[in-house]
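File shown: coords_19.txt. Contents: compact mmCIF, C-alpha atoms.
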```
# COMPACT_ATOMS: atom_id res chain seq x y z
CA MET A 1 70.34 -13.78 41.25
CA ASP A 2 68.45 -16.78 42.62
CA GLN A 3 65.11 -15.20 41.65
CA GLU A 4 66.33 -14.57 38.09
CA GLU A 5 67.49 -18.19 37.76
CA GLU A 6 64.14 -19.41 39.10
CA ILE A 7 62.23 -17.21 36.64
CA SER A 8 64.50 -18.38 33.81
CA GLN A 9 63.91 -22.05 34.70
CA THR A 10 60.15 -21.52 34.98
CA SER A 11 59.92 -19.85 31.57
CA THR A 12 62.06 -22.62 30.03
CA CYS A 13 59.74 -25.25 31.52
CA ASP A 14 56.67 -23.39 30.23
CA VAL A 15 58.15 -23.30 26.72
CA ALA A 16 59.02 -27.01 26.87
CA ALA A 17 55.52 -27.86 28.10
CA SER A 18 53.90 -25.85 25.32
CA LYS A 19 56.01 -27.64 22.69
CA ARG A 20 54.91 -31.05 24.04
CA ARG A 21 51.25 -30.16 24.04
CA VAL A 22 49.53 -31.54 20.95
CA ILE A 23 46.47 -29.64 19.81
CA LYS A 24 44.10 -31.71 17.73
CA HIS A 25 42.77 -29.18 15.31
CA TYR A 26 41.15 -29.89 12.00
CA GLY A 27 40.54 -27.34 9.34
CA ARG A 28 37.29 -26.23 7.82
CA ARG A 29 34.51 -28.64 7.03
CA MET A 30 34.02 -28.98 3.30
CA LYS A 31 32.69 -31.21 0.58
CA LEU A 32 34.93 -32.38 -2.25
CA ASN A 33 32.77 -31.95 -5.34
CA CYS A 34 34.15 -33.44 -8.55
CA ARG A 35 33.78 -31.64 -11.84
CA HIS A 36 31.39 -34.42 -12.90
CA GLY A 37 28.99 -33.46 -10.08
CA TYR A 38 29.76 -36.15 -7.49
CA ASN A 39 30.96 -35.72 -3.90
CA ILE A 40 33.60 -38.01 -2.36
CA LEU A 41 32.35 -39.87 0.71
CA ILE A 42 33.98 -42.15 3.25
CA LEU A 43 31.80 -44.85 4.80
CA GLN A 44 32.19 -46.38 8.30
CA ASN A 45 33.50 -49.66 6.83
CA GLY A 46 36.42 -47.80 5.19
CA LYS A 47 35.02 -47.86 1.67
CA VAL A 48 35.40 -44.67 -0.36
CA SER A 49 32.58 -43.96 -2.76
CA SER A 50 30.82 -41.03 -4.38
CA SER A 51 27.36 -39.56 -4.24
CA ASP A 52 25.40 -36.93 -6.11
CA ASP A 53 23.30 -36.40 -2.97
CA ASP A 54 24.42 -33.11 -1.42
CA THR A 55 22.64 -33.90 1.86
CA ASP A 56 24.62 -37.11 2.59
CA SER A 57 26.51 -36.55 5.88
CA HIS A 58 29.33 -38.91 4.77
CA CYS A 59 30.37 -36.27 2.20
CA ILE A 60 31.51 -33.80 4.85
CA MET A 61 35.31 -33.74 5.15
CA GLU A 62 37.74 -31.89 7.39
CA PHE A 63 40.98 -30.69 5.86
CA THR A 64 44.15 -30.45 7.94
CA SER A 65 47.17 -28.68 6.52
CA MET A 66 50.31 -30.72 7.14
CA SER A 67 52.66 -28.23 5.44
CA PRO A 68 52.19 -25.76 2.58
CA GLY A 69 50.30 -27.57 -0.18
CA HIS A 70 50.00 -30.84 1.78
CA VAL A 71 46.64 -31.83 3.29
CA ARG A 72 45.11 -34.68 5.22
CA ILE A 73 41.40 -35.27 4.55
CA ARG A 74 39.17 -36.81 7.23
CA GLY A 75 35.59 -37.97 6.76
CA VAL A 76 33.69 -36.44 9.69
CA GLU A 77 30.90 -39.05 9.90
CA ALA A 78 33.18 -42.11 9.57
CA ASN A 79 36.14 -40.54 11.43
CA LEU A 80 38.49 -42.08 8.86
CA PHE A 81 41.16 -40.42 6.72
CA LEU A 82 41.19 -40.56 2.95
CA ALA A 83 44.12 -42.75 1.85
CA MET A 84 45.45 -44.51 -1.25
CA ASN A 85 46.83 -48.05 -1.23
CA LYS A 86 49.56 -49.62 -3.41
CA ASP A 87 47.00 -50.52 -6.09
CA GLY A 88 45.78 -46.92 -6.33
CA LEU A 89 42.47 -47.67 -4.58
CA LEU A 90 41.07 -45.01 -2.24
CA TYR A 91 40.03 -46.20 1.22
CA GLY A 92 39.35 -44.92 4.74
CA GLU A 93 42.35 -45.18 7.07
CA ALA A 94 42.01 -44.98 10.86
CA ASP A 95 45.69 -44.15 11.53
CA PRO A 96 46.38 -40.47 10.77
CA LYS A 97 50.15 -41.07 10.94
CA ASN A 98 50.02 -43.33 7.89
CA ASN A 99 51.89 -41.59 5.05
CA SER A 100 49.23 -42.67 2.53
CA THR A 101 46.77 -40.20 4.12
CA ILE A 102 48.64 -37.10 2.88
CA PHE A 103 47.79 -35.51 -0.45
CA ILE A 104 49.39 -32.67 -2.38
CA GLU A 105 46.81 -30.05 -3.28
CA GLN A 106 47.48 -28.68 -6.77
CA PRO A 107 45.49 -25.76 -8.20
CA GLU A 108 43.96 -26.36 -11.63
CA GLY A 109 42.29 -23.06 -12.47
CA PRO A 110 39.23 -22.79 -10.20
CA TYR A 111 39.60 -26.48 -9.28
CA SER A 112 42.05 -28.43 -7.13
CA ALA A 113 43.65 -31.80 -7.86
CA TYR A 114 44.84 -34.08 -5.05
CA LEU A 115 48.02 -36.03 -5.77
CA SER A 116 48.97 -38.84 -3.37
CA LEU A 117 52.18 -37.86 -1.55
CA LYS A 118 53.18 -41.50 -1.16
CA TYR A 119 52.70 -42.21 -4.88
CA GLN A 120 53.65 -38.81 -6.30
CA LYS A 121 56.38 -40.34 -8.47
CA LYS A 122 53.70 -42.50 -10.08
CA LYS A 123 51.45 -39.39 -10.39
CA TRP A 124 48.35 -40.99 -8.85
CA TYR A 125 45.45 -38.60 -8.20
CA VAL A 126 42.12 -38.75 -6.38
CA ALA A 127 39.48 -39.01 -9.12
CA ILE A 128 35.83 -39.81 -9.86
CA LYS A 129 34.69 -41.09 -13.28
CA LYS A 130 31.75 -39.62 -15.21
CA ASN A 131 29.55 -42.50 -14.03
CA GLY A 132 30.34 -41.71 -10.36
CA LYS A 133 32.71 -44.61 -9.68
CA ILE A 134 36.04 -43.96 -7.98
CA LYS A 135 38.89 -44.03 -10.48
CA LEU A 136 42.03 -46.00 -9.62
CA GLY A 137 45.26 -44.03 -9.20
CA PRO A 138 47.21 -45.68 -12.08
CA THR A 139 44.53 -44.58 -14.58
CA THR A 140 44.68 -40.89 -13.60
CA LYS A 141 46.67 -38.03 -15.09
CA ARG A 142 46.99 -34.36 -14.30
CA GLY A 143 44.45 -32.27 -16.17
CA GLN A 144 41.76 -34.95 -16.43
CA HIS A 145 38.28 -33.69 -15.55
CA ALA A 146 37.93 -36.66 -13.16
CA THR A 147 40.73 -35.22 -10.98
CA HIS A 148 39.25 -31.72 -10.70
CA PHE A 149 37.48 -30.92 -7.43
CA LEU A 150 35.81 -27.86 -5.97
CA THR A 151 35.90 -27.51 -2.19
CA ILE A 152 32.48 -26.41 -0.96
CA VAL A 153 32.47 -24.99 2.57
CA VAL A 154 29.73 -26.53 4.73
```
Taking this structure as input, can you express it in the form of C-alpha cells?
Amino acid sequence: MDQEEEISQTSTCDVAASKRRVIKHYGRRMKLNCRHGYNILILQNGKVSSSDDDTDSHCIMEFTSMSPGHVRIRGVEANLFLAMNKDGLLYGEADPKNNSTIFIEQPEGPYSAYLSLKYQKKKWYVAIKKNGKIKLGPTTKRGQHATHFLTIVV
C-alpha cells in the first residue's frame, strides 16, 4: 500500500509540474501581404509600417494561436507584438500579455482579415491603404480591400 501511495503522489507531482511548465512556442513564420501588395512590418522603435520590399527582414512575423480564431502576431526582427491603441493606431508592443496584442482572424475568401479583439465592438481592423500607409482602425470596415491579407509562409 505504501508503494502505491508513493507512486500516486509521484505521478500527481509530475502532472502538477507539467502544468506549471510554460513552453514558449510561436507558430510559423509568415509575411502579412495586403491585397494592395504591401507587407506589414514592425520596426525596433515600435512603429508599424508597410513595405513593398519582399526581402525586408522586418516583414517576417510569427503567429501564435491563443484560442480558435484568435492570434497574436510578433515581429521577429523587432521582437515586438502587433497591437492597436485606443486611437486605432497600430504599434509594436513589448508586453505579450497586453490584450491589445490579440486579433481575431476572419476568413474573407482566399484572404484573412484581422479584427482587434480589444476593439471588436468598434470593428477596427488591421489595414494598409493603396498608397502603402497604415490605415487607422476607425476608418476600416469588413470587406475593404485594405483589410485583406494573404499569409505567405517564409
Residue with the minimum atom-to-atom distance to Thr147 of chain A, picked from A:Asn98, A:Asn33, A:Ser51, A:Ser57 with all atoms listed in the file counted, is A:Asn33
Restricting to only C-alpha atoms, whichever of A:Gly109, A:Gly37, A:Gly92, A:Gly137 is closest to Val76 of chain A is A:Gly92
Here is a test: counting all atoms listed in the file, which residue of A:Asn85, A:Thr55, A:Ser65, A:Ser116 is nearest to Phe103 of chain A?
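Smallest separation from Phe103 of chain A among the options: A:Ser116.
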Assuming 6 Å of padding per side, give the centre and edge lengths of the axis-aligned box around every listed atom of segment 36-41 of chain A, in Å to one decimal and as AutoDock Vina command-line options.
```
--center_x 31.3 --center_y -36.7 --center_z -6.1 --size_x 16.6 --size_y 18.4 --size_z 25.6
```
Between atom CA of Leu90 of chain A and atom CA of Tyr111 of chain A lies a distance of 19.9 Å
